[in-house]
There are 2 protein chains.
Amino acid sequence: MTHPTNQTPFGTGLIVRQHSPVNLESPFDQLDSFLTPNELFYIRSHFPTPSLRAEDHVLRIEGDVRNSFTISMDELRKMPSQTRPVTLECAGNGRVFLAPSVEGAQWEFGAVGTAEWTGVPLSALLERAGLAESACEAVFEGADRGQPKITPAPPGEVLYARSVPIALKDDILIAYQMNGEDIPPDHGFPLRAIVPRHFGMASVKWLTKIRIVSEPFQGYWQTADYGYWAYENELPVLRPLGAMVLKSSIARPRIREVVKAGEPYTVFGAAWAGELPVAQVEISADGGVTWVVAEIIDESRPGAWQRWKFEWQVPTQAGSYRLMSRARDSAGNVQPSEHDKSFGTYVIHHTIPVEVFVK
Amino acid sequence: MTHPTNQTPFGTGLIVRQHSPVNLESPFDQLDSFLTPNELFYIRSHFPTPSLRAEDHVLRIEGDVRNSFTISMDELRKMPSQTRPVTLECAGNGRVFLAPSVEGAQWEFGAVGTAEWTGVPLSALLERAGLAESACEAVFEGADRGQPKITPAPPGEVLYARSVPIALKDDILIAYQMNGEDIPPDHGFPLRAIVPRHFGMASVKWLTKIRIVSEPFQGYWQTADYGYWAYENELPVLRPLGAMVLKSSIARPRIREVVKAGEPYTVFGAAWAGELPVAQVEISADGGVTWVVAEIIDESRPGAWQRWKFEWQVPTQAGSYRLMSRARDSAGNVQPSEHDKSFGTYVIHHTIPVEVFVK
């Protein structure tokens with residue numbers, strides 16, 4: 001698509017949500033191409049970016065496997081590779097919209113982005129290692145470390161680590177390229193696990209180790225942090241966050257943007273989902289009273305967002321208007337209108353009205 | 001034993017640590033008999049005490065069993081019963097001694113007590129229900145409910161619930177009497193699970209349901225609260241608190257008590273452990289430089305404390321002295337001198353010096 005003239009051009013940098021460790025938000029109102037350029041891709045780091053050198057870097061595969069092994073970056077690059085677009089979204093994306101306000105980085109819409117990742121499928125590495133029958137999860141360990149803050153927190157420094165079900169092994173890339181370049185330092189150089197359809201915390205940066213375990217891993221970043229309350233027999237049980245959920249966000253207009261009365265305006269945004277594909281996006285320009293179907297621009301690819309647009313005939317009547325978008329998935333589920341508190345300060349995918357001024 | 005004349009008599013009530021819900025501490029300096037009288041037994045409640053009537057009360061056994069059933073108090077009382085002394089200790093006992101200070105009820109030494117509990121072994125109920133082979137844990141549900149406060153907390157009201165490994169079934173009593181009387185309301189009337197050797201949070205009060213599950217239960221009171229950090233492959237993993245640990249506490253003298261120079265003084269206390277029996281208690285009257293063995297008064301009974309005493313010849317030199325006790329278990333483990341921060345605000349069993357003034 002061509003960039004509509006009534007919107008700002010690309011390239012104005014990232015929004016600082018936390019300076020150290022670096023947490024920078026993509027300017028979502030500048031959403032344009034299907035792939036987010038590396039320099040505009042959101043950064044969510046828990047600890048300072050480790051200084052790693054590709055020449056020295058090795059990945060260790062161990063645990064419930066027949067043959068533990070260590071592999072260099074050179075060897076990894078020689079293995080058959082795959083390249084695929086994957087949308088990553090921080091589990092806390094949209095947190096600034098929660099009321100009352102909560103602790104944590106105050107992301108607006110832009111802790112999400114899509115890049116083309118190149119690497120080796122996890123399954124190829126596990127085939128070489130020889131999975132034990134008892135294998136249940138893969139624990140990804142990063143080189144980043146520090147003292148976690150959210151309670152209950154373990155004492156002292158902890159390596160960032162996160163597990164995923166072994167059943168996802170065909171889907172996961174052990175990636176060394178992002179949009180055709182070496183992965184930039186803040187995005188995980190030289191190696192990052194890319195877990196499609198899961199929130200970004202599973203796509204461990206600065207990957208050093210894959211440990212196969214036979215019981216669910218109960219590490220910090222899937223219990224004290226990045227957990228949610230599921231209900232079993234009416235009792236809450238703590239589970240690790242996993243798959244992303246059905247969501248659409250409006251990129252343009254921005255919140256409180258002034259738009260010209262009586263003229264056409266291209267409302268623009270993206271939609272994505274976790275387990276199921278997005279089937280439809282609807283837009284309301286009257287605060288949710290009436291809805292019309294938006295045009296989806298991108299083809300459906302598993303694990304990647306789809307941009308959409310809607311040609312809005314801006315009313316001639318000046319005043320404040322509330323634009324809303326809502327996505328439906330292939331099973332007919334629709335984006336909710338309220339935040340589900342079982343997810344605490346995460347999984348914020350309810351419809352966020354965008355108020356604009358018509359003048 | 002007779003009560004030494006230089007110490008305060010029994011019966012002066014409990015120490016308020018929290019007024020609502022009721023959290024009252026036993027006056028540990030009045031430790032006398034092996035069994036703690038019901039009226040001096042510490043109370044640790046998470047929510048208001050439910051009003052339950054024995055005539056109406058039923059216990060439901062369900063989950064991974066062949067025959068779910070519901071049993072009344074009358075039927076339970078007709079089953080073969082057992083009576084045994086069990087020491088219960090709050091997992092936060094001693095919290096006031098942590099530095100820097102932490103959130104939570106500020107227990108001194110007295111969130112511990114021993115009572116004789118009468119009830120039906122859990123194994124007898126599970127035999128009637130017919131355990132499935134997959135049975136892994138028993139989840140005890142209480143009738144008490146409320147909004148949990150420690151984060152991450154689920155939204156809304158939650159029933160108090162806690163699981164224990166099914167392997168403990170022969171050891172656990174489903175109790176209806178405490179020291180020969182109906183269990184008092186604040187201690188769980190009419191029915192309480194008594195889990196010997198485990199911290200008190202496992203001994204669920206106001207018991208309404210026993211649900212057998214085939215996977216570890218990840219409820220609130222064994223994850224967000226009452227969890228600790230174990231280490232696997234050098235990474236912290238969140239585990240539910242379980243067994244009590246090796247500990248001894250000095251009941252008399254009290255902290256900052258004034259004792260008479262040159263006279264004998266009976267230092268008095270109790271010791272207990274989790275998995276292994278206590279083998280020895282040692283006392284230091286010089287802040288840990290030299291240690292002498294105390295006399296253990298009670299025989300060793302699994303799951304019950306043992307009182308001990310030491311005839312201290314108070315120095316003739318006036319001044320400040322630091323008394324300390326430390327227990328050893330049958331495997332030679334000794335009580336630590338520092339709090340293990342992996343346990344956060346729980347499992348406080350390091351040696352606490354008791355400073356006294358000799359005049």
# chains A, B, ... in the order shown; residues from 1 in each chain; ligands from 1
$ closest_atom_pairs --of "chain A" --to "chain B" --cutoff "8 Å" --atoms "only C-alpha atoms" --output "CSV"
residue,atom,partner,partner_atom,distance
A:Thr151,CA,B:Thr151,CA,7.0
A:Pro152,CA,B:Ala224,CA,6.8
A:Ala153,CA,B:Gly344,CA,8.0
A:Pro154,CA,B:Ser342,CA,5.8
A:Pro155,CA,B:Lys341,CA,6.0
A:Val158,CA,B:Leu235,CA,6.9
A:Leu159,CA,B:Leu235,CA,7.2
A:Phe217,CA,B:Val237,CA,7.2
A:Gln218,CA,B:Val237,CA,4.8
A:Gly219,CA,B:Val237,CA,4.4
A:Tyr220,CA,B:Val237,CA,6.4
A:Thr223,CA,B:Leu238,CA,7.1
A:Ala224,CA,B:Ala224,CA,6.7
A:Trp229,CA,B:Pro154,CA,6.0
A:Leu235,CA,B:Val158,CA,6.9
A:Pro236,CA,B:Gly219,CA,5.9
A:Val237,CA,B:Gly219,CA,4.4
A:Leu238,CA,B:Gln218,CA,5.4
A:Arg239,CA,B:Gln218,CA,7.6
A:Lys341,CA,B:Pro155,CA,6.0
A:Ser342,CA,B:Pro154,CA,5.8
A:Gly344,CA,B:Pro152,CA,7.5
$ residues_around --residues "region 309-313 of chain A" --least-positions-apart "3" --cutoff "9 Å" --atoms "only C-alpha atoms" --output "PyMOL selection string"
chain A and resi 261-270+282-283+285+292-297+316
$ write_last_selection --atoms "N, CA and C atoms" --output "compact mmCIF listing (two decimals), in the first residue's frame"
# COMPACT_ATOMS: atom_id res chain seq x y z
N ALA A 261 -13.31 17.54 9.20
CA ALA A 261 -14.73 17.24 9.02
C ALA A 261 -15.07 17.09 7.54
N GLY A 262 -15.89 16.07 7.25
CA GLY A 262 -16.43 15.93 5.91
C GLY A 262 -15.49 15.33 4.89
N GLU A 263 -14.26 14.97 5.30
CA GLU A 263 -13.30 14.40 4.33
C GLU A 263 -13.11 12.91 4.60
N PRO A 264 -12.61 12.18 3.61
CA PRO A 264 -12.32 10.76 3.87
C PRO A 264 -11.02 10.62 4.67
N TYR A 265 -10.96 9.61 5.53
CA TYR A 265 -9.77 9.35 6.33
C TYR A 265 -9.56 7.84 6.33
N THR A 266 -8.32 7.40 6.03
CA THR A 266 -8.05 5.96 6.04
C THR A 266 -7.69 5.52 7.46
N VAL A 267 -8.65 4.91 8.13
CA VAL A 267 -8.36 4.30 9.43
C VAL A 267 -7.53 3.05 9.15
N PHE A 268 -6.44 2.91 9.90
CA PHE A 268 -5.47 1.88 9.55
C PHE A 268 -5.04 1.16 10.81
N GLY A 269 -4.79 -0.14 10.69
CA GLY A 269 -4.34 -0.86 11.88
C GLY A 269 -3.88 -2.26 11.53
N ALA A 270 -3.75 -3.07 12.56
CA ALA A 270 -3.34 -4.46 12.37
C ALA A 270 -4.15 -5.33 13.31
N GLU A 282 -13.77 -5.48 12.39
CA GLU A 282 -14.87 -4.53 12.26
C GLU A 282 -14.49 -3.21 12.93
N ILE A 283 -15.04 -2.15 12.40
CA ILE A 283 -14.75 -0.81 12.91
C ILE A 283 -16.05 -0.13 13.31
N ALA A 285 -17.34 3.81 14.36
CA ALA A 285 -16.96 5.21 14.47
C ALA A 285 -17.89 5.95 15.41
N VAL A 292 -18.85 -1.72 11.05
CA VAL A 292 -18.72 -2.09 9.63
C VAL A 292 -17.42 -2.87 9.45
N VAL A 293 -17.41 -3.70 8.41
CA VAL A 293 -16.26 -4.58 8.21
C VAL A 293 -15.13 -3.82 7.52
N ALA A 294 -13.92 -3.96 8.06
CA ALA A 294 -12.74 -3.34 7.46
C ALA A 294 -12.16 -4.26 6.38
N GLU A 295 -11.32 -3.69 5.55
CA GLU A 295 -10.67 -4.48 4.51
C GLU A 295 -9.33 -5.00 5.04
N ILE A 296 -9.16 -6.31 4.98
CA ILE A 296 -7.90 -6.89 5.43
C ILE A 296 -6.92 -6.86 4.26
N ILE A 297 -5.74 -6.33 4.49
CA ILE A 297 -4.78 -6.09 3.42
C ILE A 297 -3.88 -7.29 3.19
N THR A 316 -19.51 15.56 8.99
CA THR A 316 -19.39 17.01 8.79
C THR A 316 -19.58 17.74 10.12
$ residues_around --residues "Ser284 (chain A)" --least-positions-apart "5" --cutoff "6 Å" --atoms "only C-alpha atoms" --output "number ranges by chain"
A: 290-291, 323-324
$ atom_distance --atom1 "CA of Ala327 (chain A)" --atom2 "CA of Val281 (chain A)"
4.3 Å
$ residues_around --residues "Ile255 (chain A)" --least-positions-apart "2" --cutoff "7 Å" --atoms "only C-alpha atoms" --output "list in words"
Pro253, Glu257, Val354, Glu355 and Val356 of chain A
$ select_by_dssp --residues "region 19-96 of chain B" --states "strand (DSSP E or B)" --output "VMD selection string"
chain B and resid 23 to 25 43 to 44 58 to 63 65 69 to 72 82 to 89
$ residues_around --residues "region 168-182 of chain B" --least-positions-apart "4" --cutoff "8 Å" --atoms "only C-alpha atoms" --output "CSV table (one decimal) with all heavy atoms, in the first residue's frame"
chain,number,residue,atom,x,y,z
B,35,LEU,N,1.6,-30.3,75.8
B,35,LEU,CA,0.5,-29.9,75.0
B,35,LEU,C,0.1,-28.4,75.3
B,35,LEU,O,0.0,-28.0,76.5
B,35,LEU,CB,-0.8,-30.7,75.3
B,35,LEU,CG,-0.6,-32.2,74.9
B,35,LEU,CD1,-1.9,-33.0,75.2
B,35,LEU,CD2,-0.3,-32.4,73.4
B,37,PRO,N,-2.4,-25.6,75.8
B,37,PRO,CA,-3.9,-25.5,76.0
B,37,PRO,C,-4.6,-24.8,74.8
B,37,PRO,O,-4.0,-23.9,74.2
B,37,PRO,CB,-4.0,-24.6,77.3
B,37,PRO,CG,-2.7,-24.7,77.9
B,37,PRO,CD,-1.7,-24.9,76.8
B,38,ASN,N,-5.8,-25.2,74.5
B,38,ASN,CA,-6.5,-24.6,73.3
B,38,ASN,C,-6.5,-23.1,73.4
B,38,ASN,O,-6.4,-22.4,72.4
B,38,ASN,CB,-7.9,-25.2,73.2
B,38,ASN,CG,-7.9,-26.6,72.7
B,38,ASN,OD1,-6.9,-27.2,72.5
B,38,ASN,ND2,-9.1,-27.2,72.6
B,82,GLN,N,-8.1,-42.0,65.4
B,82,GLN,CA,-6.8,-41.9,66.0
B,82,GLN,C,-6.6,-40.6,66.8
B,82,GLN,O,-7.2,-39.6,66.4
B,82,GLN,CB,-5.7,-42.0,64.9
B,82,GLN,CG,-5.5,-43.4,64.3
B,82,GLN,CD,-4.4,-43.4,63.2
B,82,GLN,OE1,-3.6,-42.4,63.1
B,82,GLN,NE2,-4.3,-44.4,62.5
B,115,ALA,N,-0.9,-29.8,70.0
B,115,ALA,CA,-2.1,-30.2,70.5
B,115,ALA,C,-2.3,-31.7,70.2
B,115,ALA,O,-1.7,-32.2,69.2
B,115,ALA,CB,-3.3,-29.4,69.9
B,116,GLU,N,-3.2,-32.4,70.9
B,116,GLU,CA,-3.5,-33.7,70.6
B,116,GLU,C,-4.8,-33.7,69.7
B,116,GLU,O,-5.8,-33.1,70.1
B,116,GLU,CB,-3.8,-34.5,71.9
B,116,GLU,CG,-3.2,-35.8,71.9
B,116,GLU,CD,-3.2,-36.4,73.3
B,116,GLU,OE1,-4.2,-36.2,74.1
B,116,GLU,OE2,-2.2,-37.1,73.7
B,117,TRP,N,-4.6,-34.2,68.5
B,117,TRP,CA,-5.7,-34.1,67.6
B,117,TRP,C,-6.4,-35.5,67.4
B,117,TRP,O,-5.7,-36.5,67.4
B,117,TRP,CB,-5.2,-33.7,66.2
B,117,TRP,CG,-4.5,-32.3,66.3
B,117,TRP,CD1,-3.2,-32.1,66.5
B,117,TRP,CD2,-5.1,-31.0,66.2
B,117,TRP,NE1,-2.9,-30.8,66.5
B,117,TRP,CE2,-4.0,-30.1,66.3
B,117,TRP,CE3,-6.4,-30.6,65.9
B,117,TRP,CZ2,-4.3,-28.7,66.2
B,117,TRP,CZ3,-6.6,-29.2,65.9
B,117,TRP,CH2,-5.6,-28.3,66.0
B,118,THR,N,-7.7,-35.5,67.3
B,118,THR,CA,-8.4,-36.8,67.2
B,118,THR,C,-9.2,-36.7,65.9
B,118,THR,O,-9.9,-35.7,65.6
B,118,THR,CB,-9.4,-37.0,68.4
B,118,THR,OG1,-8.6,-37.0,69.6
B,118,THR,CG2,-10.2,-38.3,68.2
B,119,GLY,N,-9.1,-37.8,65.1
B,119,GLY,CA,-9.9,-37.8,63.8
B,119,GLY,C,-9.6,-39.1,63.1
B,119,GLY,O,-9.1,-40.1,63.7
B,120,VAL,N,-10.0,-39.0,61.8
B,120,VAL,CA,-9.9,-40.2,61.0
B,120,VAL,C,-8.7,-40.1,60.1
B,120,VAL,O,-8.5,-39.0,59.5
B,120,VAL,CB,-11.2,-40.3,60.1
B,120,VAL,CG1,-11.2,-41.4,59.1
B,120,VAL,CG2,-12.4,-40.4,61.0
B,121,PRO,N,-7.9,-41.1,59.9
B,121,PRO,CA,-6.8,-41.0,59.0
B,121,PRO,C,-7.3,-40.7,57.6
B,121,PRO,O,-8.3,-41.3,57.1
B,121,PRO,CB,-6.1,-42.3,59.1
B,121,PRO,CG,-6.6,-43.0,60.3
B,121,PRO,CD,-8.0,-42.4,60.6
B,122,LEU,N,-6.6,-39.8,56.8
B,122,LEU,CA,-7.0,-39.6,55.5
B,122,LEU,C,-7.1,-40.9,54.7
B,122,LEU,O,-8.0,-41.1,53.8
B,122,LEU,CB,-6.0,-38.6,54.8
B,122,LEU,CG,-6.2,-38.3,53.3
B,122,LEU,CD1,-7.6,-37.7,53.0
B,122,LEU,CD2,-5.1,-37.4,52.8
B,123,SER,N,-6.1,-41.8,54.9
B,123,SER,CA,-6.1,-43.0,54.2
B,123,SER,C,-7.4,-43.8,54.3
B,123,SER,O,-7.8,-44.5,53.3
B,123,SER,CB,-4.9,-43.9,54.6
B,123,SER,OG,-4.9,-44.0,56.0
B,164,VAL,N,-1.6,-31.4,49.3
B,164,VAL,CA,-0.4,-32.2,49.9
B,164,VAL,C,-0.2,-33.4,49.0
B,164,VAL,O,-1.2,-33.9,48.4
B,164,VAL,CB,-0.7,-32.6,51.4
B,164,VAL,CG1,-0.8,-31.4,52.3
B,164,VAL,CG2,-2.0,-33.4,51.4
B,189,PHE,N,-13.3,-25.5,63.5
B,189,PHE,CA,-14.6,-26.2,63.8
B,189,PHE,C,-15.4,-26.3,62.6
B,189,PHE,O,-15.6,-25.3,61.9
B,189,PHE,CB,-15.3,-25.5,64.9
B,189,PHE,CG,-16.6,-26.1,65.3
B,189,PHE,CD1,-16.7,-27.2,66.1
B,189,PHE,CD2,-17.8,-25.7,64.7
B,189,PHE,CE1,-17.9,-27.8,66.4
B,189,PHE,CE2,-19.0,-26.3,65.0
B,189,PHE,CZ,-19.1,-27.4,65.9
B,190,PRO,N,-16.0,-27.4,62.2
B,190,PRO,CA,-15.9,-28.7,63.0
B,190,PRO,C,-14.8,-29.6,62.5
B,190,PRO,O,-14.7,-30.7,63.1
B,190,PRO,CB,-17.3,-29.3,62.8
B,190,PRO,CG,-17.7,-28.8,61.4
B,190,PRO,CD,-17.0,-27.5,61.2
B,191,LEU,N,-14.1,-29.3,61.4
B,191,LEU,CA,-13.3,-30.3,60.8
B,191,LEU,C,-12.0,-29.6,60.3
B,191,LEU,O,-12.1,-28.6,59.6
B,191,LEU,CB,-14.0,-30.9,59.7
B,191,LEU,CG,-13.7,-32.4,59.2
B,191,LEU,CD1,-13.7,-33.3,60.4
B,191,LEU,CD2,-14.6,-32.8,58.1
B,192,ARG,N,-10.9,-30.2,60.6
B,192,ARG,CA,-9.6,-29.6,60.1
B,192,ARG,C,-8.7,-30.8,59.6
B,192,ARG,O,-8.6,-31.8,60.3
B,192,ARG,CB,-8.9,-28.9,61.2
B,192,ARG,CG,-7.6,-28.2,60.9
B,192,ARG,CD,-7.1,-27.4,62.0
B,192,ARG,NE,-5.9,-26.6,61.4
B,192,ARG,CZ,-5.3,-25.7,62.1
B,192,ARG,NH1,-5.6,-25.4,63.3
B,192,ARG,NH2,-4.2,-25.0,61.5
B,193,ALA,N,-8.0,-30.5,58.5
B,193,ALA,CA,-7.0,-31.5,58.1
B,193,ALA,C,-5.7,-31.2,59.0
B,193,ALA,O,-5.4,-30.0,59.2
B,193,ALA,CB,-6.6,-31.2,56.6
B,194,ILE,N,-5.2,-32.2,59.5
B,194,ILE,CA,-3.9,-32.1,60.3
B,194,ILE,C,-2.8,-32.8,59.6
B,194,ILE,O,-2.9,-34.0,59.4
B,194,ILE,CB,-4.1,-32.6,61.7
B,194,ILE,CG1,-5.2,-31.8,62.5
B,194,ILE,CG2,-2.8,-32.6,62.5
B,194,ILE,CD1,-4.8,-30.3,62.8
B,195,VAL,N,-1.9,-32.0,59.1
B,195,VAL,CA,-0.8,-32.6,58.3
B,195,VAL,C,0.5,-32.5,59.1
B,195,VAL,O,1.2,-31.5,59.2
B,195,VAL,CB,-0.6,-31.8,57.0
B,195,VAL,CG1,0.5,-32.4,56.1
B,195,VAL,CG2,-1.9,-31.7,56.2
B,196,PRO,N,0.9,-33.6,59.8
B,196,PRO,CA,2.0,-33.6,60.7
B,196,PRO,C,3.3,-33.2,59.9
B,196,PRO,O,3.4,-33.6,58.8
B,196,PRO,CB,2.1,-35.0,61.2
B,196,PRO,CG,0.8,-35.6,61.1
B,196,PRO,CD,0.2,-34.9,59.8
$ residues_around --residues "Glu133 (chain B)" --least-positions-apart "2" --cutoff "9 Å" --atoms "only C-alpha atoms" --output "PyMOL selection string"
chain B and resi 64-65+131+135-136+214
$ atom_distance --atom1 "CA of Arg128 (chain A)" --atom2 "CA of Ile183 (chain A)"
24.6 Å
$ closest_residue --among "B:Ala271, B:Met201, B:Val22, B:Ile71" --to "Ile250 (chain B)" --atoms "only C-alpha atoms"
B:Ala271
